[in-house]
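Here is the structure we will look at, set down as structure tokens.
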Amino acid sequence: MSEYLQAKPAQQLLEPPEHTATEASQPARHQLPRLLRRPGGIFGLGWLALLVVLSLTASWWIPYGTNDQQLSAALQGPSAQHWLGTDELGRDLLSRIFAAGASTLGASLLTVAVAYAIAVPLALVAAERGGHTETVISRTTEIMMALPGTVIILAFIGVFGVDTVLIMTVLGVLISSGMYRVLLGVARSLREQLYVDAARVNGLGSWRVNLRHVLPGMRTVLAVQAALLFGIGLLIQSGLAFMGFGPKPPAPSWGAMIGTASQHIYDAPWLMVPSGLVLSLTVIAANLVADALTDPEEAPRTARRAGKRAGGAAAGPAEPDGSGVLDVRDLTVAVDDGPVLVSGVSFRVEPGRVLGLVGESGCGKTMTALAALGLLPAGVAVTGGALHWQGRDLAYLDERHLRPVRGREIAYVSQEPMVALDPMFSVAYQLTGPLRRLRGLSRAEARDGAVSLLKRVGIVDPQAVMRSYPHQLSGGMAQRVAIALALTGGPKLLVADEPTTALDVTVQAEILSLLRSLVSQSGTSVVIVTHDLGVVADLCDDVAVMYAGEIVESGTVTEVLDAPRHPYTKALLGANPHAGETVTPSHRLTAIPGQVPAPGSWPQGCRFRDRCLYATDACGQPVALEAADRGGTVRCVRATELAVAAAHPDERTPA
Amino acid sequence: MSTTTAPADTQQALALDVRDLTVHYGRRSRRKPVPPAVDGVSFSIAPGETIGLVGESGSGKSTIGKAVLGLQSATGGSISFFGDDITHAAPARRRALAAQLRVVFQDPYSSLNPAMTIGETLAEPLRLMGVGKAEAARRARTALERVGLPASAAERRPRQFSGGQRQRIAVARALVCDPKVVVCDEPVSALDLSTQAQVLNLLADLRDERGLSYLFVAHDLAVVRFLAQRVVVLYRGQVMETGAAAAVVEQPRHPYTRALTAAAPVPRPAEQAARRAAREAMGIGAAGLGTPSAAGCPFASRCPLATDVCRAERPALRRVGDSDVACHHATD
Amino acid sequence: MTRFLARRAAMAVLTLLAVIVLTFALVHSIPGSPGAVMLGPGASAQEIHAQNELLGWNQPLAVQFWDWITHAVRGDLGTSLTGGNEVGPDLASRLPVTAAIAFGATALSGVLGIVSGVVAAVRGGLVDRFITAFSGIVVSLPTFWLGILLVYIASIRLGWLPATGYTPFTDSPVDWAKSLALPVLSLAIGGAALVARQARASMVEALGQEHIRTLRATGIPPWRLLYVHALRNASVPVVAGLGMQFVGLFGSTVIVEQIFALPGLGQVAQAAVTSHDFPSVQGVVIIATVVVVVTNVALDVLISALNPKLRAA
């Protein structure tokens with residue numbers, strides 16, 4: 001998915017793109033609009049604004065004085081005279097509630113201000129200095145966080161009496177420790193951003209780095225936490241007033257009003273409604289504002305997407321043919337109600353062959369590979385074509401029917417070995433589980449099986465690795481374990497998504513050798529996704545070059561790499577610094593102008609034509625994938641013509 | 001320890017001179033002594049020259065860049081900028097240095113502040129130098145045009161640009177105040193192949209145009225080979241081999257450099273098959289095999305040539321062929 | 001693991017020490033004196049001074065502090081200024097009530113919260129939206145208001161449970177449970193909402209991790225994926241959250257005990273604060289801190305057992 005999100009076409013320079021890979025980490029530039037786009041945000045902000053206005057202007061509009069008693073009208077429900085009823089002394093509840101508003105809200109704001117005055121500078125300093133400074137600050141706040149807050153505040157009241165300013169200040173101090181923890185995390189990750197380093201290289205002083213580059217990035221978190229904290233302040237303040245530690249009677253306070261209501265619960269249950277509702281609504285409003293400011297994380301529903309694919313019903317012959325051929329026909333993959341990511345991709349993987357899907361980010365190669373396992377990300381689905389495998393069409397199998405295919409028949413190795421294994425379980429657990437499930441082994445047999453699998457992937461001390469947890473493994477070791485995991489079910493086909501991209505080059509060579517030996521020993525076929533033509537040359541038998549969601553050229557590796565026919569393949573080879581036999585500093589690399597167009601903005605006709613040095617008017621028409629002169633296929637109207645021209649090296653880089 | 005130095009005629013005015021640089025990360029604990037991230041590294045860059053620092057993860061190459069930029073404090077050794085010791089430069093000195101010593105970082109996504117417009121980002125160093133607002137904006141637009149972006153890009157924010165475009169902006173930020181030395185920390189490793197070539201060509205053109213010196217940090221020897229005149233190969237914080245780029249890449253003398261060059265696959269199937277066979281015949285130990293002793297050669301645990309002396313004694317750099325090599329056994 | 005736990009245990013001792021110093025400083029920084037509180041407003045300055053002398057109030061602070069600590073270690077927390085009874089035994093007799101409410105509420109909110117949070121994360125869609133919205137509202141309701149509402153509904157309207165009062169467990173376990181049901185419920189409802197939100201977030205995060213895809217690629221049955229792997233990954237933050245929950249609920253018992261007239265620590269605390277009975281206030285603070293600190297250490301043991309990274313450290 002990230003591959004799709006990262007791709008940005010040149011023409012989008014002029015209009016703001018919808019998503020980028022880093023959007024999530026960006027501070028909200030348009031906080032208010034986003035806040036107002038959510039119903040909760042509108043309600044929360046609206047109620048708070050109304051409350052503030054009504055409270056601040058209370059002295060002008062409230063119908064009764066806060067202490068106007070009318071004992072004959074005590075404990076009444078709502079009426080024309082008293083919209084919200086009256087309390088035990090016949091005082092008007094509406095008037096008392098809003099007369100108490102300003103001081104109540106102000107006291108909560110005081111808590112927020114105190115907590116921020118302490119937590120923000122501490123978090124910034126700790127994140128900047130690190131080391132001892134951070135340790136001292138963090139340990140101190142850990143102690144503060146472990147204090148029983150409510151009881152400490154009661155102790156202060158016991159000693160100094162009811163002093164709202166003091167109480168709310170102490171609360172702010174106590175809460176600042178928790179706030180510090182939250183802010184430290186954010187400040188730390190912001191300081192890891194390279195633009196902070198860039199600012200330091202610019203010579204920006206420590207204060208200004210924090211003010212210009214760190215603090216603005218914390219805006220959203222600060223706003224969210226302030227809203228939450230404001231709600232907590234209200235609750236604690238009212239709770240104390242409820243217990244009798246609020247403003248001295250007869251001064252009104254929400255908590256004390258609820259306290260009074262609790263004494264009249266038998267004779268006047270209505271009494272608890274107005275004050276309780278106003279308090280609750282205010283806290284709810286604060287929390288809604290906080291929620292609306294936060295990006296909601298959608299529940300992924302990974303395991304329950306069965307039947308969502310187009311067509312839905314399982315189709316095709318149910319009889320496995322056991323041939324071990326993966327035959328992909330006109331595969332189309334698209335975002336639900338969104339752009340097409342892969343269109344009309346066809347290829348065939350024979351048993352024991354290694355196919356490389358190669359291309360740049362955003363070309364759809366990963367989506368193509370994941371489709372074979374039914375592991376497309378949520379919101380992305382196969383919308384056309386077929387994936388024939390062992391007599392079934394994988395494109396239309398539901399989750400339940402895919403499960404027996406995964407692991408047993410088709411296995412998967414992912415890009416990031418360090419996160420591909422479950423960090424909470426030992427290697428032994430993660431290997432023996434599938435071995436028992438997929439091969440029906442006993443516990444002891446599975447253990448032996450796991451050890452021999454680890455040996456097979458070239459791990460020298462399998463017993464030690466069995467006991468290890470993923471965080472104790474190096475990247476190369478983790479990838480070996482991940483490959484062992486993929487082999488647990490004895491698959492006929494291995495789908496590997498950039499299995500060496502995250503690794504160092506010497507480790508990459510080791511993993512490639514391992515994959516090669518596995519293929520030659522077991523006859524497993526492999527589909528490997530990579531952006532590196534060198535990896536293709538090393539490991540693959542066949543290659544399909546993808547560009548903007550379609551295959552532009554395919555064939556055996558020698559056909560495609562030694563005699564490229566598509567201008568994109570040629571350009572990729574030209575741009576590869578490893579490709580030139582005698583690249584010297586005086587040479588220039590063959591750069592491809594522009595960049596891969598994003599899904600949804602592919603040009604009509606040949607999708608490469610905007611960047612192609614050889615483009616003509618004919619390229620505006622859709623181009624078919626046709627047989628190439630040297631074998632394999634190519635999708636270019638000028639392929640033959642250019643193949644002839646390639647004999648003349650002078651024309652390698654036409655202007 | 002012997003060092004790589006620039007040719008004699010430029011000796012008097014080295015753009016950058018790094019001597020015995022050592023960097024320790026974190027607190028030193030008595031329980032487990034952590035080996036330094038950078039361990040006695042020396043090299044220098046003449047004006048207009050490009051030096052490539054090459055190594056895999058954990059080699060300390062990026063740390064060296066950070067130490068030169070003052071983003072990481074050095075534990076030992078010295079760094080001089082045109083003869084001026086800047087190892088522990090005070091903030092005021094750093095600010096003055098900022099115009100001449102610039103950086104292009106690896107990750108184009110996090111190296112631009114998403115909350116600031118491109119214009120603001122580019123003007124920041126100029127404003128700090130005391131350049132007026134209008135002049136700073138004008139120079140920002142000029143720099144943008146030089147890296148192949150429209151001047152109007154100054155009004156936009158980073159998220160409106162692709163990775164390759166952002167990296168051009170990062171290059172513009174480095175150029176905007178006429179630097180003498182630019183530290184390029186893996187400037188193309190996050191980019192796609194076609195964009196990578198665009199940025200590499202741009203860096204090469206700018207260097208030729210303005211006589212810039214680059215400290216070019218990368219994990220990919222071929223990329224470094226494209227830009228650098230001289231190469232320093234690092235492993236676990238130590239210099240393994242250093243010399244002219246052509247010599248190091250085409251005739252690597254150190255077993256580690258050989259492992260590194262042999263491991264990089266080339267996109268020509270027949271040649272790659274031969275290279276792979278040659279690599280497998282070399283008998284290089286798997287990465288992470290054994291723990292190297294602090295006293296000996298850091299590569300000894302993986303090295304096919306290793307003998308007892310390699311595990312006991314750290315080899316000094318010595319001349320082998322056209323390069324300086326830290327190996328007891330390297331021969332012509 | 002031992003290093004981690006040793007560090008946390010040291011933190012616990014430091015926390016306790018910090019609280020002792022804080023309360024001691026508080027008590028000694030007030031304008032009044034214990035003699036004045038004991039003898040009431042009618043007493044003369046001389047009488048108050050004599051009383052203070054008797055209590056050791058006029059001795060150097062360090063002596064008083066040492067004196068207090070050495071007694072406290074033996075469980076002697078001094079004498080109440082208002083009732084004249086021993087603070088230690090009095091509080092000890094009330095701790096079970098408060099502890100029962102706090103533990104009960106934590107357990108109930110944990111079960112309700114984890115189940116609904118996990119359901120929201122796993123089912124997604126409408127179920128998720130409903131649980132998220134509902135918990136967002138419930139979490140904002142003031143405990144004391146919820147308590148009154150529960151009394152009104154469950155005891156006044158429906159007559160199912162007693163509104164107030166406490167029956168000791170030894171008298172009648174059934175009545176004991178009934179007397180605690182409403183207090184526990186009024187604390188647990190908001191608590192459950194909080195746990196649910198956290199459990200949902202942790203579960204969603206766990207399900208979004210890359211290794212989930214690797215696991216699915218091995219054809220793992222969905223229940224195993226969800227309830228062994230994802231849940232296990234979500235467990236560490238959820239358990240940590242439950243610990244904080246207990247600490248918070250323990251504090252909230254003060255209010256609940258007042259609403260339901262329960263003879264717990266909170267009742268003492270409220271009375272002592274109102275009457276400036278410092279030894280009792282101090283005693284409550286110390287006991288509350290001990291409970292919190294012990295809970296935190298227990299939690300650290302649990303978390304370090306759950307998290308392989310901490311186990312190995």
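Convention: chains lettered A, B, ... in structure tokens order; per-chain residue numbering from 1; ligands numbered from 1 as shown.
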
Exercise: C:Asn307 partners within 7 Å, only C-alpha atoms, chain neighbours under 4 positions left out, as an mmCIF file with C-alpha atoms, in the first residue's frame:
```cif
data_model
loop_
_atom_site.group_PDB
_atom_site.id
_atom_site.type_symbol
_atom_site.label_atom_id
_atom_site.label_comp_id
_atom_site.auth_asym_id
_atom_site.auth_seq_id
_atom_site.Cartn_x
_atom_site.Cartn_y
_atom_site.Cartn_z
ATOM 1 C CA MET A 424 6.133 -11.854 21.496
ATOM 2 C CA VAL C 236 1.334 -5.435 27.354
ATOM 3 C CA ILE C 303 4.657 -6.956 32.299
ATOM 4 C CA ARG C 311 12.439 -10.739 30.070
#
```

Would you mind listing what lies within 8 Å of stretch 540-543 of chain A as a ChimeraX atom specification, with only C-alpha atoms counted and same-chain residues fewer than 2 positions away left out? /A:353-358,535-538,545,554-557,560

List as a tab-separated table every residue of chain C that is in contact with chain A, defined as an atom at most 7 Å from one of its atoms (using only C-alpha atoms), together with the nearest atom pair and the distance in Å rounded to one decimal, sorted by chain and then rising number.
```
residue	atom	partner	partner_atom	distance
C:Met11	CA	A:Ile143	CA	6.8
C:Thr15	CA	A:Ile143	CA	5.2
C:Leu26	CA	A:Val159	CA	6.8
C:Val27	CA	A:Val159	CA	6.5
C:Ile30	CA	A:Val159	CA	6.1
C:Ala121	CA	A:Ala299	CA	5.1
C:Val122	CA	A:Arg301	CA	5.8
C:Arg123	CA	A:Arg301	CA	6.4
C:Gly124	CA	A:Ala299	CA	5.2
C:Ile137	CA	A:Ile284	CA	5.9
C:Ser140	CA	A:Ile284	CA	5.2
C:Leu141	CA	A:Ser280	CA	5.2
C:Pro142	CA	A:Leu235	CA	6.0
C:Phe144	CA	A:Gly239	CA	7.0
C:Trp145	CA	A:Gly276	CA	6.2
C:Ile148	CA	A:Ser262	CA	6.1
C:Tyr152	CA	A:Ile265	CA	6.7
C:Val204	CA	A:Ala299	CA	5.4
C:Leu207	CA	A:Pro300	CA	7.0
C:Gly208	CA	A:Pro300	CA	6.9
C:Glu210	CA	A:Ala420	CA	5.6
C:His211	CA	A:Ala420	CA	4.2
C:Thr214	CA	A:Ala420	CA	6.0
C:Ala217	CA	A:Arg406	CA	5.3
C:Thr218	CA	A:Gly407	CA	3.9
C:Gly219	CA	A:Arg403	CA	4.5
C:Pro222	CA	A:Ala303	CA	6.0
C:Asn233	CA	A:Met424	CA	6.4
C:Val247	CA	A:Pro148	CA	6.8
C:Gly251	CA	A:Thr150	CA	5.2
C:Ile255	CA	A:Met243	CA	6.8
C:Val273	CA	A:Gly158	CA	4.0
C:Thr274	CA	A:Gly158	CA	6.4
C:His276	CA	A:Gly158	CA	5.1
C:Val281	CA	A:Ala155	CA	6.0
C:Val285	CA	A:Val151	CA	5.9
C:Ala288	CA	A:Pro148	CA	6.4
C:Thr289	CA	A:Pro148	CA	5.9
C:Val292	CA	A:Ala146	CA	6.7
C:Val293	CA	A:Ala146	CA	6.7
C:Asn307	CA	A:Met424	CA	6.6
C:Pro308	CA	A:Met424	CA	6.0
```

Could you turn the residues from that selection into a file that holds N, CA and C atoms, as a compact mmCIF listing (two decimals), in the first residue's frame?
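So the final result, stored in again25.txt, reads:
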```
# COMPACT_ATOMS: atom_id res chain seq x y z
N MET C 11 12.53 2.28 42.63
CA MET C 11 11.60 3.39 42.39
C MET C 11 10.47 3.37 43.40
N THR C 15 9.45 6.29 45.86
CA THR C 15 8.11 6.89 45.83
C THR C 15 7.55 7.00 47.24
N LEU C 26 4.05 18.89 54.56
CA LEU C 26 2.72 19.51 54.52
C LEU C 26 2.22 19.79 55.93
N VAL C 27 2.29 18.73 56.76
CA VAL C 27 1.75 18.85 58.10
C VAL C 27 2.47 19.96 58.87
N ILE C 30 1.76 24.16 58.02
CA ILE C 30 0.47 24.85 58.19
C ILE C 30 0.53 25.89 59.30
N ALA C 121 -12.39 -3.93 17.89
CA ALA C 121 -11.25 -3.96 16.98
C ALA C 121 -11.39 -5.09 15.96
N VAL C 122 -11.92 -6.23 16.41
CA VAL C 122 -11.98 -7.40 15.53
C VAL C 122 -13.15 -7.30 14.56
N ARG C 123 -14.32 -6.88 15.07
CA ARG C 123 -15.49 -6.82 14.21
C ARG C 123 -15.46 -5.61 13.28
N GLY C 124 -14.96 -4.48 13.82
CA GLY C 124 -14.92 -3.28 13.00
C GLY C 124 -16.33 -2.83 12.63
N ILE C 137 -18.72 8.39 25.46
CA ILE C 137 -19.67 9.12 26.31
C ILE C 137 -19.55 8.66 27.76
N SER C 140 -16.85 9.86 30.01
CA SER C 140 -16.91 11.26 30.44
C SER C 140 -17.86 11.50 31.60
N LEU C 141 -18.66 10.49 31.97
CA LEU C 141 -19.65 10.72 33.01
C LEU C 141 -18.96 10.76 34.37
N PRO C 142 -19.32 11.75 35.21
CA PRO C 142 -18.72 11.82 36.53
C PRO C 142 -19.15 10.61 37.37
N PHE C 144 -19.49 10.20 40.51
CA PHE C 144 -20.45 10.42 41.59
C PHE C 144 -21.86 10.60 41.04
N TRP C 145 -21.97 11.18 39.87
CA TRP C 145 -23.28 11.34 39.28
C TRP C 145 -23.83 9.98 38.84
N ILE C 148 -25.14 8.15 41.86
CA ILE C 148 -26.49 8.56 42.28
C ILE C 148 -27.53 8.00 41.32
N TYR C 152 -30.62 5.60 42.21
CA TYR C 152 -31.99 5.93 41.85
C TYR C 152 -32.64 4.78 41.07
N VAL C 204 -6.06 -2.88 17.53
CA VAL C 204 -5.98 -2.39 16.15
C VAL C 204 -4.52 -2.25 15.74
N LEU C 207 -3.05 -5.67 15.15
CA LEU C 207 -3.52 -6.27 13.90
C LEU C 207 -2.92 -5.59 12.68
N GLY C 208 -2.42 -4.38 12.87
CA GLY C 208 -1.84 -3.67 11.74
C GLY C 208 -0.37 -3.99 11.53
N GLU C 210 3.16 -5.87 10.67
CA GLU C 210 3.56 -6.62 9.48
C GLU C 210 3.52 -8.14 9.71
N HIS C 211 3.85 -8.56 10.93
CA HIS C 211 3.92 -10.01 11.13
C HIS C 211 2.55 -10.67 11.03
N THR C 214 2.50 -12.01 7.63
CA THR C 214 3.31 -13.23 7.55
C THR C 214 2.54 -14.42 8.12
N ALA C 217 -0.13 -15.60 5.92
CA ALA C 217 0.42 -16.31 4.77
C ALA C 217 0.75 -17.76 5.09
N THR C 218 0.79 -18.10 6.40
CA THR C 218 1.01 -19.51 6.72
C THR C 218 -0.33 -20.24 6.85
N GLY C 219 -1.42 -19.55 6.54
CA GLY C 219 -2.73 -20.20 6.59
C GLY C 219 -3.23 -20.41 8.01
N PRO C 222 -8.15 -18.13 11.83
CA PRO C 222 -8.39 -16.76 12.31
C PRO C 222 -8.40 -16.63 13.83
N ASN C 233 0.09 -9.58 21.58
CA ASN C 233 0.81 -8.35 21.32
C ASN C 233 0.14 -7.15 21.96
N VAL C 247 -4.99 2.20 40.17
CA VAL C 247 -4.55 3.35 40.96
C VAL C 247 -5.62 4.44 40.95
N GLY C 251 -8.25 5.79 44.15
CA GLY C 251 -8.49 7.17 44.56
C GLY C 251 -9.96 7.54 44.53
N ILE C 255 -14.88 9.09 46.92
CA ILE C 255 -16.19 9.65 46.59
C ILE C 255 -17.27 8.59 46.71
N VAL C 273 -9.93 15.20 56.70
CA VAL C 273 -9.61 16.42 55.98
C VAL C 273 -10.48 17.56 56.48
N THR C 274 -11.76 17.26 56.68
CA THR C 274 -12.67 18.29 57.14
C THR C 274 -12.26 18.82 58.52
N HIS C 276 -9.23 18.61 59.92
CA HIS C 276 -7.79 18.85 60.01
C HIS C 276 -7.10 17.87 60.95
N VAL C 281 -4.95 11.94 58.19
CA VAL C 281 -4.71 12.28 56.79
C VAL C 281 -3.41 11.65 56.32
N VAL C 285 -2.77 8.80 53.42
CA VAL C 285 -1.87 9.03 52.29
C VAL C 285 -0.83 7.90 52.22
N ALA C 288 -2.46 4.59 51.12
CA ALA C 288 -2.81 4.65 49.69
C ALA C 288 -1.54 4.50 48.84
N THR C 289 -0.47 5.17 49.28
CA THR C 289 0.78 5.07 48.51
C THR C 289 1.32 3.65 48.52
N VAL C 292 -0.65 1.62 46.10
CA VAL C 292 -0.31 1.97 44.72
C VAL C 292 1.05 1.41 44.33
N VAL C 293 2.01 1.56 45.22
CA VAL C 293 3.37 1.14 44.95
C VAL C 293 3.44 -0.38 44.80
N ASN C 307 6.53 -9.46 28.32
CA ASN C 307 7.29 -8.87 27.23
C ASN C 307 8.67 -9.51 27.11
N PRO C 308 8.92 -10.23 26.03
CA PRO C 308 10.19 -10.94 25.88
C PRO C 308 11.39 -9.99 25.91
```

Need the shell around B:Arg258: protein/DNA/RNA residues with any atom at most 10 Å away, counting only C-alpha atoms. Skip same-chain ones fewer than 6 positions apart. Format as a list in words? Val248, Val249, Glu250, Gln251, Pro252, Arg279, Met282 and Ile284 of chain B

Quick one: pull the distance between atom CA of A:Val182 and atom CA of A:Gly130, Å, one decimal.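 It comes out at 15.8 Å.
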
Name the residues of stretch 175-263 of chain C that fall into alpha helix (DSSP H) according to DSSP on the backbone, using the chain letters and numbers of this document, as a VMD selection string. chain C and resid 175 to 207 210 to 217 222 to 224 231 to 260

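Note that the spacing between atom CA of A:Pro63 and atom CA of A:Gly101 amounts to 15.3 Å.
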
Please run DSSP on the backbone and report, as a ChimeraX atom specification, all residues within stretch 360-431 of chain A that come out as strand (DSSP E). /A:380-389,392-393,410-413

Resulting file, chosen residues, C-alpha atoms, as a JSON list (two decimals), in the first residue's frame:
```json
[["chain", "number", "residue", "atom", "x", "y", "z"],
["A", 380, "VAL", "CA", -7.79, -3.24, -2.14],
["A", 381, "ALA", "CA", -9.22, -6.13, -4.14],
["A", 382, "VAL", "CA", -8.91, -8.14, -7.33],
["A", 383, "THR", "CA", -11.49, -6.73, -9.70],
["A", 384, "GLY", "CA", -10.79, -8.76, -12.79],
["A", 385, "GLY", "CA", -8.80, -11.56, -14.37],
["A", 386, "ALA", "CA", -7.80, -14.89, -12.95],
["A", 387, "LEU", "CA", -5.04, -16.49, -10.88],
["A", 388, "HIS", "CA", -5.11, -20.15, -11.85],
["A", 389, "TRP", "CA", -3.38, -22.41, -9.38],
["A", 392, "ARG", "CA", -8.56, -23.24, -8.74],
["A", 393, "ASP", "CA", -8.91, -19.54, -9.42],
["A", 410, "ILE", "CA", 1.99, -20.94, -1.62],
["A", 411, "ALA", "CA", 4.19, -19.33, 1.01],
["A", 412, "TYR", "CA", 5.31, -15.78, 1.56],
["A", 413, "VAL", "CA", 8.49, -13.98, 2.59]]
```

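For the choices A:Val278, A:Leu89, A:Ala618, A:Leu194, the atom-to-atom distance to chain B is smallest for A:Leu194 when using only C-alpha atoms.
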
Any idea what's packed within 8 Å of B:Arg102, counting only C-alpha atoms, ignoring anything in its chain fewer than 6 positions away? Could you give it as a short mmCIF file (atom, residue, chain, number, x, y, z; two decimals) with N, CA, C and O atoms, in the first residue's frame?
```
data_model
loop_
_atom_site.label_atom_id
_atom_site.label_comp_id
_atom_site.auth_asym_id
_atom_site.auth_seq_id
_atom_site.Cartn_x
_atom_site.Cartn_y
_atom_site.Cartn_z
N VAL A 201 22.03 22.21 11.55
CA VAL A 201 23.13 22.47 10.63
C VAL A 201 23.06 23.92 10.12
O VAL A 201 24.07 24.56 9.89
N ASN A 202 21.84 24.44 9.99
CA ASN A 202 21.68 25.84 9.59
C ASN A 202 22.25 26.79 10.62
O ASN A 202 22.42 27.97 10.35
N LEU B 69 29.26 17.57 10.99
CA LEU B 69 28.25 18.61 11.02
C LEU B 69 27.99 19.15 12.43
O LEU B 69 27.22 20.08 12.61
N ALA B 174 20.87 23.03 0.58
CA ALA B 174 22.31 22.99 0.81
C ALA B 174 23.04 24.05 -0.01
O ALA B 174 24.04 24.62 0.42
N LEU B 175 22.50 24.36 -1.19
CA LEU B 175 23.19 25.26 -2.12
C LEU B 175 22.91 26.71 -1.87
O LEU B 175 23.67 27.58 -2.31
N PRO B 179 27.82 27.05 -0.31
CA PRO B 179 28.71 26.32 0.61
C PRO B 179 30.02 25.94 -0.08
O PRO B 179 30.15 26.04 -1.30
N VAL B 181 31.64 22.94 1.40
CA VAL B 181 31.61 21.50 1.59
C VAL B 181 30.17 21.07 1.85
O VAL B 181 29.45 21.73 2.60
N VAL B 182 29.74 20.01 1.19
CA VAL B 182 28.41 19.47 1.46
C VAL B 182 28.55 18.02 1.91
O VAL B 182 29.20 17.22 1.24
N VAL B 183 27.96 17.72 3.06
CA VAL B 183 27.91 16.34 3.51
C VAL B 183 26.66 15.71 2.91
O VAL B 183 25.55 16.18 3.14
#
```

When you look at A:Arg38 with a cut-off of 10 Å (counting only C-alpha atoms), what residues show up, excluding the ones that are within fewer than 3 positions of it in the same chain? I need them as an NGL selection string. :A and (33-35 or 41-44 or 288-289 or 291-293)

Of the residues C:Gln209, C:Ser135, C:Ser179, C:Thr106, which is the one nearest to C:Val239, using only C-alpha atoms? C:Thr106

Given the choices A:Asp461, A:Asp197, A:Glu626, A:Asp267, which gets closest to chain B if the distance is worked out from only C-alpha atoms?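 The shortest atom-to-atom distance to chain B comes from A:Asp197.
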
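Near C:Asp175, within 12 Å and counting only C-alpha atoms, sit Trp160, Leu161, Pro162, Thr164, Gly165, Tyr166, Thr167, Pro168, Phe169, Thr170, Asp171, Ser172, Pro173, Ala177, Lys178, Ser179, Leu180 and Ala181 of chain C; same-chain residues fewer than 2 positions away were not included.
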
Do me a favour and pick out the residues of chain B within 6 Å of chain A, using only C-alpha atoms, as a ChimeraX atom specification. /B:56,94-95,98,110-113,125,160,162,192,194,197-198,222-223,226-227,263,265-269,272

As an exercise, work out the distance from atom CA of C:Asn58 to atom CA of C:Thr79 in Å and give it to one decimal place.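 These two atoms are separated by 17.0 Å.
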